[in-house]
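Before any comments, here is the structure.
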Amino acid sequence: MMAEDARACYVYGVVTGDRTDEAVKDLPAVGDPEAPVTLVRHRGQAAVVSEVPVGKPLGTPEDLRSHAKVLDSLAEQGPPVLPFRFGTVVRDTAAVTDELLAEGHDDFARGLDRLRGRSQLTVRARYEQDAVLREVVTEQPEARRLREELRGLPEEEGYEQRIQLGRLVLDTIDAKRSVDALELDRRLGPYALASVSQEAASAEGLANASFLVEDAKRQAFEEAAEELAEHWHGRVRLRLIGPLAPYDFVADATIEGPEGKEGDE
Amino acid sequence: MSAVTVARQQQSQYLDRASSSALVDVVDLILDKGLVIDVYVRVSLVGIELVTIDARIVVASVDTYLRFAEATNRLDLARSGTETHGLPGLMDDLREGGGKKKTKGALEGVKESVSDLLHDDDDEDREPEPEERERHRRTRGSTSHRERER
């Protein structure tokens, strides 16, 4: 049993053993901002770790940010990085080498090999609300009719029409989303090895997609994204985040079996 | 002219590359992602009290319908339709006068006060029609009735 004030070892992920200690110097640690982030090396691989107090629950916003910051800084310096799930804690550094790295060696080696020279780029696309609503009203006579009908009605009236209008608008945006998400994939997909899409987190969201991109293709990918952003300017806001640690692709990269099946939906 | 036109004149940087430390972004990127290592090596993953942030909103709810209906009603088509796509056939149909372009933010909660909406657009000559006032009054959660009594 561990005492309340005991320390354990938080693990951010695994990188290749040739990284210098400088690579993780001054990065913010999870759980204890004072704790240094360090590398624990074993047979050509290194775990990125820091000490955490055992008694204190993890998971504050700062913790989440630190976890991402450490991994993304490493990704920015250059792949490969194998990010672990947030909240991975092992007993101590001895457990990191003797158990984690020793036992995981082959899986990690596979992942590091497959993700060499590859990073995640995440694209978030969001409709400009006025622009998309304008499109909807333009394309849908029924929406215009409902608008007419609602005009001048006091707030307490027209509830049914309001619901109807809102639903029609959202349905129409849904349909647009499918079309536009395909367009996004058509334009960016060719520059990526794999992609994963998450459902948009809000009604105005268009896409939340992650791409695994080779270093050599990154510039082309970014140019294609810039082009798309220009194409959609005024109607869709496009954000490109990264290069990031390959959060969405690491699991597939480490499992045994043929490569190239990762996440291509 | 509109903000859109101004933005076009800047060098062609349409893509937003700002790395954000917004919590919702971080959560979206990392939570439930990444390698999960063997249970017996691990001290914990359990016992971690994640500050729960429900980043996802329920999209298909009555509340959302109402929000979008309101935002749609507030749209000024007569004005911006010509700027962006040009809808000659629809213009007459949609022209409703009292062009108020202040529909920005409609879905995220309306910041402008009702009186702003009614009096701020000095470049518009036409006086809002009574129905217009009704329409603009319908800001979310607003219970102001003063402009109706004018």
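Numbering starts fresh at 1 for the residues of each chain in the structure tokens, the chains themselves are lettered A, B, ... in the order given, and ligands are numbered from 1 as they appear.
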Counting only C-alpha atoms, which residues from chain A have an atom at most 7 Å from any atom of chain B, and could you show them as JSON, numbers by chain? {"A": [57, 58, 59, 60, 61, 64, 65, 68, 83, 84, 85, 86, 87, 88, 89, 90, 91, 99, 100, 130, 133, 134, 147, 151, 152, 154, 162, 163, 165, 166, 167, 169, 201, 202, 203, 226, 229, 230, 233, 234, 238, 239, 240, 241, 247, 248, 250, 251]}
Any chance you can output those residues with N, CA and C atoms as a CSV table (one decimal), in the first residue's frame?
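Output file part34.csv is given in full below:
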```
chain,number,residue,atom,x,y,z
A,57,PRO,N,-5.9,13.6,-6.9
A,57,PRO,CA,-6.4,13.2,-8.1
A,57,PRO,C,-6.0,14.0,-9.3
A,58,LEU,N,-5.8,13.4,-10.4
A,58,LEU,CA,-5.3,14.2,-11.6
A,58,LEU,C,-6.6,14.5,-12.4
A,59,GLY,N,-6.4,15.5,-13.3
A,59,GLY,CA,-7.5,15.7,-14.2
A,59,GLY,C,-8.0,17.2,-14.2
A,60,THR,N,-7.2,18.1,-13.6
A,60,THR,CA,-7.6,19.5,-13.7
A,60,THR,C,-7.3,19.9,-15.2
A,61,PRO,N,-7.9,21.0,-15.5
A,61,PRO,CA,-7.7,21.5,-16.9
A,61,PRO,C,-6.2,21.7,-17.1
A,64,LEU,N,-4.5,18.4,-18.0
A,64,LEU,CA,-4.8,18.0,-19.4
A,64,LEU,C,-3.9,18.8,-20.4
A,65,ARG,N,-3.8,20.1,-20.1
A,65,ARG,CA,-3.0,20.9,-21.0
A,65,ARG,C,-1.5,20.5,-20.9
A,68,ALA,N,-0.9,17.3,-22.9
A,68,ALA,CA,-0.8,17.6,-24.4
A,68,ALA,C,0.4,18.4,-24.7
A,83,PRO,N,2.0,8.7,-27.9
A,83,PRO,CA,1.3,9.3,-26.8
A,83,PRO,C,0.5,8.2,-26.0
A,84,PHE,N,0.6,8.3,-24.7
A,84,PHE,CA,-0.2,7.4,-23.9
A,84,PHE,C,-1.5,8.1,-23.5
A,85,ARG,N,-2.4,7.3,-23.1
A,85,ARG,CA,-3.7,7.9,-22.6
A,85,ARG,C,-3.5,8.8,-21.4
A,86,PHE,N,-4.2,9.9,-21.3
A,86,PHE,CA,-4.1,10.7,-20.2
A,86,PHE,C,-4.3,9.9,-18.9
A,87,GLY,N,-3.5,10.1,-17.9
A,87,GLY,CA,-3.7,9.5,-16.6
A,87,GLY,C,-3.0,8.2,-16.4
A,88,THR,N,-2.0,7.9,-17.2
A,88,THR,CA,-1.2,6.7,-17.1
A,88,THR,C,-0.2,6.9,-16.0
A,89,VAL,N,-0.3,6.2,-14.9
A,89,VAL,CA,0.7,6.3,-13.8
A,89,VAL,C,1.2,4.9,-13.4
A,90,VAL,N,2.5,4.8,-13.3
A,90,VAL,CA,3.1,3.5,-12.8
A,90,VAL,C,3.8,3.8,-11.5
A,91,ARG,N,4.2,2.7,-10.9
A,91,ARG,CA,4.8,2.8,-9.5
A,91,ARG,C,5.9,3.7,-9.4
A,99,GLU,N,9.3,-3.0,-16.3
A,99,GLU,CA,8.0,-3.6,-16.7
A,99,GLU,C,7.5,-2.9,-18.0
A,100,LEU,N,7.3,-1.6,-17.9
A,100,LEU,CA,6.6,-1.0,-19.0
A,100,LEU,C,7.5,-1.1,-20.3
A,130,ASP,N,-24.0,33.1,-39.8
A,130,ASP,CA,-24.9,33.9,-40.7
A,130,ASP,C,-24.8,33.4,-42.1
A,133,LEU,N,-26.8,30.1,-42.5
A,133,LEU,CA,-28.2,30.3,-42.3
A,133,LEU,C,-28.8,31.0,-43.6
A,134,ARG,N,-28.0,31.9,-44.1
A,134,ARG,CA,-28.4,32.5,-45.4
A,134,ARG,C,-28.6,31.5,-46.5
A,147,ARG,N,-40.4,31.8,-42.0
A,147,ARG,CA,-39.9,33.1,-41.6
A,147,ARG,C,-41.0,34.2,-41.8
A,151,ARG,N,-42.9,36.3,-38.7
A,151,ARG,CA,-42.6,37.7,-38.6
A,151,ARG,C,-43.8,38.4,-38.0
A,152,GLY,N,-43.6,39.1,-37.0
A,152,GLY,CA,-44.7,39.9,-36.4
A,152,GLY,C,-45.5,39.1,-35.4
A,154,PRO,N,-46.0,37.6,-31.9
A,154,PRO,CA,-45.4,37.8,-30.5
A,154,PRO,C,-44.7,36.5,-30.1
A,162,ARG,N,-41.8,27.8,-35.0
A,162,ARG,CA,-40.4,28.0,-34.6
A,162,ARG,C,-39.7,26.6,-34.6
A,163,ILE,N,-40.3,25.7,-34.0
A,163,ILE,CA,-39.7,24.4,-33.9
A,163,ILE,C,-39.5,23.8,-35.3
A,165,LEU,N,-39.2,25.5,-38.1
A,165,LEU,CA,-38.1,26.2,-38.8
A,165,LEU,C,-36.8,25.8,-38.3
A,166,GLY,N,-36.6,25.7,-37.0
A,166,GLY,CA,-35.3,25.3,-36.4
A,166,GLY,C,-34.9,23.9,-36.9
A,167,ARG,N,-35.9,23.0,-36.9
A,167,ARG,CA,-35.6,21.7,-37.4
A,167,ARG,C,-35.2,21.6,-38.8
A,169,VAL,N,-33.9,24.0,-40.5
A,169,VAL,CA,-32.6,24.6,-40.6
A,169,VAL,C,-31.5,23.6,-40.3
A,201,ALA,N,-18.8,18.8,-32.8
A,201,ALA,CA,-19.3,18.9,-31.4
A,201,ALA,C,-20.4,19.9,-31.2
A,202,SER,N,-20.8,20.6,-32.3
A,202,SER,CA,-21.8,21.6,-32.1
A,202,SER,C,-22.6,21.7,-33.4
A,203,ALA,N,-23.7,22.3,-33.4
A,203,ALA,CA,-24.6,22.4,-34.5
A,203,ALA,C,-24.0,23.2,-35.7
A,226,GLU,N,-4.9,25.5,-46.8
A,226,GLU,CA,-5.0,27.0,-47.0
A,226,GLU,C,-5.9,27.3,-48.2
A,229,ALA,N,-9.4,26.7,-47.2
A,229,ALA,CA,-9.9,27.8,-46.3
A,229,ALA,C,-10.2,29.1,-47.1
A,230,GLU,N,-9.4,29.3,-48.2
A,230,GLU,CA,-9.7,30.4,-49.0
A,230,GLU,C,-11.0,30.2,-49.8
A,233,HIS,N,-13.9,30.7,-47.6
A,233,HIS,CA,-13.8,31.9,-46.8
A,233,HIS,C,-15.2,32.7,-46.7
A,234,GLY,N,-15.5,33.1,-45.6
A,234,GLY,CA,-16.8,33.8,-45.4
A,234,GLY,C,-17.9,32.8,-45.1
A,238,LEU,N,-11.9,27.6,-41.0
A,238,LEU,CA,-11.1,26.4,-41.0
A,238,LEU,C,-9.8,26.6,-40.1
A,239,ARG,N,-9.7,25.7,-39.2
A,239,ARG,CA,-8.5,25.7,-38.3
A,239,ARG,C,-7.6,24.5,-38.6
A,240,LEU,N,-6.4,24.7,-38.5
A,240,LEU,CA,-5.4,23.6,-38.6
A,240,LEU,C,-4.6,23.6,-37.4
A,241,ILE,N,-4.6,22.5,-36.7
A,241,ILE,CA,-3.9,22.3,-35.4
A,241,ILE,C,-2.8,21.3,-35.6
A,247,TYR,N,-2.3,11.2,-31.5
A,247,TYR,CA,-3.2,10.6,-30.6
A,247,TYR,C,-4.2,9.7,-31.2
A,248,ASP,N,-4.6,10.0,-32.4
A,248,ASP,CA,-5.7,9.3,-33.1
A,248,ASP,C,-5.2,8.0,-33.8
A,250,VAL,N,-2.0,6.3,-32.8
A,250,VAL,CA,-1.0,5.5,-32.1
A,250,VAL,C,-1.5,4.1,-31.8
A,251,ALA,N,-2.7,3.9,-31.5
A,251,ALA,CA,-3.2,2.6,-31.1
A,251,ALA,C,-3.0,1.6,-32.3
```
Selection: 7 Å around segment 69-80 of chain A, only C-alpha atoms, excl. self and same-chain fewer than 5 positions, as an mmCIF file with C-alpha atoms, in the first residue's frame:
```cif
data_model
loop_
_atom_site.group_PDB
_atom_site.id
_atom_site.type_symbol
_atom_site.label_atom_id
_atom_site.label_comp_id
_atom_site.auth_asym_id
_atom_site.auth_seq_id
_atom_site.Cartn_x
_atom_site.Cartn_y
_atom_site.Cartn_z
ATOM 1 C CA TYR A 12 3.256 10.751 -21.065
ATOM 2 C CA VAL A 15 9.902 8.180 -27.822
ATOM 3 C CA ALA A 23 14.017 17.798 -25.417
ATOM 4 C CA LEU A 27 7.991 21.356 -20.017
ATOM 5 C CA PRO A 28 5.034 21.613 -17.618
ATOM 6 C CA LEU A 112 7.899 4.066 -33.334
ATOM 7 C CA LEU A 115 5.189 6.613 -36.979
ATOM 8 C CA ARG A 116 8.680 7.704 -37.875
ATOM 9 C CA GLY A 117 8.442 10.881 -39.894
ATOM 10 C CA ARG A 118 4.699 11.084 -39.381
ATOM 11 C CA SER A 119 2.615 13.508 -37.375
ATOM 12 C CA PRO A 243 1.791 18.963 -35.891
ATOM 13 C CA LEU A 244 0.601 16.985 -32.900
ATOM 14 C CA ALA A 245 1.480 13.712 -31.275
#
```
To one decimal in Å, tell me the separation between atom CA of Leu188 of chain A and atom CA of Trp232 of chain A.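 Taking atom CA of Leu188 of chain A as the start and atom CA of Trp232 of chain A as the end point, the length is 14.0 Å.
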Please indicate the distance in Å from atom CA of Leu182 of chain A to atom CA of Ala207 of chain A, rounded to one decimal place.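 Interatomic distance, atom CA of Leu182 of chain A to atom CA of Ala207 of chain A: 9.7 Å.
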Please provide as an MDAnalysis selection string all residues within 7 Å of Ala35 of chain A, with the sequence filter that same-chain residues fewer than 4 positions apart are discarded (counting only C-alpha atoms). chainID A and resid 29 50:51
Per DSSP on the backbone, filter segment 78-167 of chain A down to the residues in helix (DSSP H, G or I) and report them as a VMD selection string. chain A and resid 93 to 114 129 to 139 141 to 150 159 to 167
Go ahead and compute the interatomic distance for atom CA of Tyr127 of chain A and atom CA of Ser178 of chain A, in Å to one decimal.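 Atom-to-atom, atom CA of Tyr127 of chain A to atom CA of Ser178 of chain A, that is 12.8 Å.
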What are the DSSP strand (DSSP E) residues of segment 107-231 of chain A, as a list of chain:residue names?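 Going through segment 107-231 of chain A, the strand (DSSP E) residues come out as A:Arg118, A:Ser119, A:Gln120, A:Leu121, A:Thr122, A:Val123, A:Arg124, A:Ala125, A:Arg126, A:Tyr127, A:Ala194, A:Ser195, A:Val196, A:Ser197, A:Gln198, A:Gly205, A:Leu206, A:Ala207, A:Asn208, A:Ala209, A:Ser210, A:Phe211, A:Leu212, A:Val213, A:Glu214.
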Emit the selected residues as a PDB file, in the first residue's frame, including N, CA and C atoms.
```
ATOM      1  N   ARG A 118       6.135  10.864 -39.188  1.00  0.00           N
ATOM      2  CA  ARG A 118       4.699  11.084 -39.381  1.00  0.00           C
ATOM      3  C   ARG A 118       4.091  11.801 -38.177  1.00  0.00           C
ATOM      4  N   SER A 119       3.264  12.772 -38.460  1.00  0.00           N
ATOM      5  CA  SER A 119       2.615  13.508 -37.375  1.00  0.00           C
ATOM      6  C   SER A 119       1.122  13.635 -37.650  1.00  0.00           C
ATOM      7  N   GLN A 120       0.431  13.980 -36.595  1.00  0.00           N
ATOM      8  CA  GLN A 120      -1.006  14.201 -36.734  1.00  0.00           C
ATOM      9  C   GLN A 120      -1.279  15.683 -36.986  1.00  0.00           C
ATOM     10  N   LEU A 121      -2.139  15.933 -37.929  1.00  0.00           N
ATOM     11  CA  LEU A 121      -2.638  17.288 -38.149  1.00  0.00           C
ATOM     12  C   LEU A 121      -4.152  17.213 -38.003  1.00  0.00           C
ATOM     13  N   THR A 122      -4.678  18.099 -37.211  1.00  0.00           N
ATOM     14  CA  THR A 122      -6.115  18.054 -36.955  1.00  0.00           C
ATOM     15  C   THR A 122      -6.789  19.290 -37.533  1.00  0.00           C
ATOM     16  N   VAL A 123      -7.861  19.043 -38.221  1.00  0.00           N
ATOM     17  CA  VAL A 123      -8.589  20.122 -38.893  1.00  0.00           C
ATOM     18  C   VAL A 123      -9.959  20.289 -38.255  1.00  0.00           C
ATOM     19  N   ARG A 124     -10.260  21.512 -37.904  1.00  0.00           N
ATOM     20  CA  ARG A 124     -11.591  21.820 -37.368  1.00  0.00           C
ATOM     21  C   ARG A 124     -12.253  22.807 -38.305  1.00  0.00           C
ATOM     22  N   ALA A 125     -13.385  22.441 -38.760  1.00  0.00           N
ATOM     23  CA  ALA A 125     -14.124  23.341 -39.656  1.00  0.00           C
ATOM     24  C   ALA A 125     -15.471  23.665 -39.033  1.00  0.00           C
ATOM     25  N   ARG A 126     -15.828  24.921 -39.157  1.00  0.00           N
ATOM     26  CA  ARG A 126     -17.037  25.374 -38.495  1.00  0.00           C
ATOM     27  C   ARG A 126     -17.738  26.371 -39.413  1.00  0.00           C
ATOM     28  N   TYR A 127     -19.026  26.217 -39.534  1.00  0.00           N
ATOM     29  CA  TYR A 127     -19.758  27.151 -40.379  1.00  0.00           C
ATOM     30  C   TYR A 127     -19.822  28.528 -39.739  1.00  0.00           C
ATOM     31  N   ALA A 194      -3.659   8.421 -43.421  1.00  0.00           N
ATOM     32  CA  ALA A 194      -4.876   7.918 -42.791  1.00  0.00           C
ATOM     33  C   ALA A 194      -5.629   9.108 -42.236  1.00  0.00           C
ATOM     34  N   SER A 195      -6.896   8.897 -42.008  1.00  0.00           N
ATOM     35  CA  SER A 195      -7.672   9.973 -41.401  1.00  0.00           C
ATOM     36  C   SER A 195      -8.746   9.402 -40.492  1.00  0.00           C
ATOM     37  N   VAL A 196      -9.109  10.181 -39.512  1.00  0.00           N
ATOM     38  CA  VAL A 196     -10.160   9.797 -38.575  1.00  0.00           C
ATOM     39  C   VAL A 196     -11.068  11.001 -38.383  1.00  0.00           C
ATOM     40  N   SER A 197     -12.350  10.761 -38.460  1.00  0.00           N
ATOM     41  CA  SER A 197     -13.281  11.869 -38.254  1.00  0.00           C
ATOM     42  C   SER A 197     -14.072  11.670 -36.976  1.00  0.00           C
ATOM     43  N   GLN A 198     -14.201  12.753 -36.253  1.00  0.00           N
ATOM     44  CA  GLN A 198     -15.085  12.732 -35.097  1.00  0.00           C
ATOM     45  C   GLN A 198     -16.323  13.521 -35.447  1.00  0.00           C
ATOM     46  N   GLY A 205     -20.757  23.055 -36.185  1.00  0.00           N
ATOM     47  CA  GLY A 205     -19.540  22.348 -36.548  1.00  0.00           C
ATOM     48  C   GLY A 205     -19.696  21.663 -37.896  1.00  0.00           C
ATOM     49  N   LEU A 206     -18.646  21.706 -38.675  1.00  0.00           N
ATOM     50  CA  LEU A 206     -18.690  21.019 -39.968  1.00  0.00           C
ATOM     51  C   LEU A 206     -17.889  19.733 -39.882  1.00  0.00           C
ATOM     52  N   ALA A 207     -16.657  19.846 -39.415  1.00  0.00           N
ATOM     53  CA  ALA A 207     -15.827  18.658 -39.354  1.00  0.00           C
ATOM     54  C   ALA A 207     -14.778  18.791 -38.266  1.00  0.00           C
ATOM     55  N   ASN A 208     -14.417  17.672 -37.731  1.00  0.00           N
ATOM     56  CA  ASN A 208     -13.339  17.567 -36.773  1.00  0.00           C
ATOM     57  C   ASN A 208     -12.565  16.327 -37.178  1.00  0.00           C
ATOM     58  N   ALA A 209     -11.551  16.544 -37.978  1.00  0.00           N
ATOM     59  CA  ALA A 209     -10.878  15.407 -38.593  1.00  0.00           C
ATOM     60  C   ALA A 209      -9.383  15.453 -38.338  1.00  0.00           C
ATOM     61  N   SER A 210      -8.822  14.283 -38.074  1.00  0.00           N
ATOM     62  CA  SER A 210      -7.390  14.184 -37.861  1.00  0.00           C
ATOM     63  C   SER A 210      -6.760  13.420 -39.009  1.00  0.00           C
ATOM     64  N   PHE A 211      -5.590  13.870 -39.409  1.00  0.00           N
ATOM     65  CA  PHE A 211      -4.883  13.252 -40.522  1.00  0.00           C
ATOM     66  C   PHE A 211      -3.477  12.862 -40.081  1.00  0.00           C
ATOM     67  N   LEU A 212      -3.072  11.689 -40.504  1.00  0.00           N
ATOM     68  CA  LEU A 212      -1.693  11.278 -40.268  1.00  0.00           C
ATOM     69  C   LEU A 212      -0.898  11.646 -41.517  1.00  0.00           C
ATOM     70  N   VAL A 213       0.054  12.550 -41.326  1.00  0.00           N
ATOM     71  CA  VAL A 213       0.733  13.126 -42.488  1.00  0.00           C
ATOM     72  C   VAL A 213       2.242  12.914 -42.385  1.00  0.00           C
ATOM     73  N   GLU A 214       2.807  12.494 -43.486  1.00  0.00           N
ATOM     74  CA  GLU A 214       4.263  12.340 -43.544  1.00  0.00           C
ATOM     75  C   GLU A 214       4.923  13.710 -43.600  1.00  0.00           C
TER      76      GLU A 214
END
```
Between A:Glu62, A:Asp21, A:Glu199, A:Asp106, which residue has the minimum interatomic distance to Ala181 of chain A, considering only C-alpha atoms?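 Looking only at the distances to Ala181 of chain A, the closest residue turns out to be A:Glu199.
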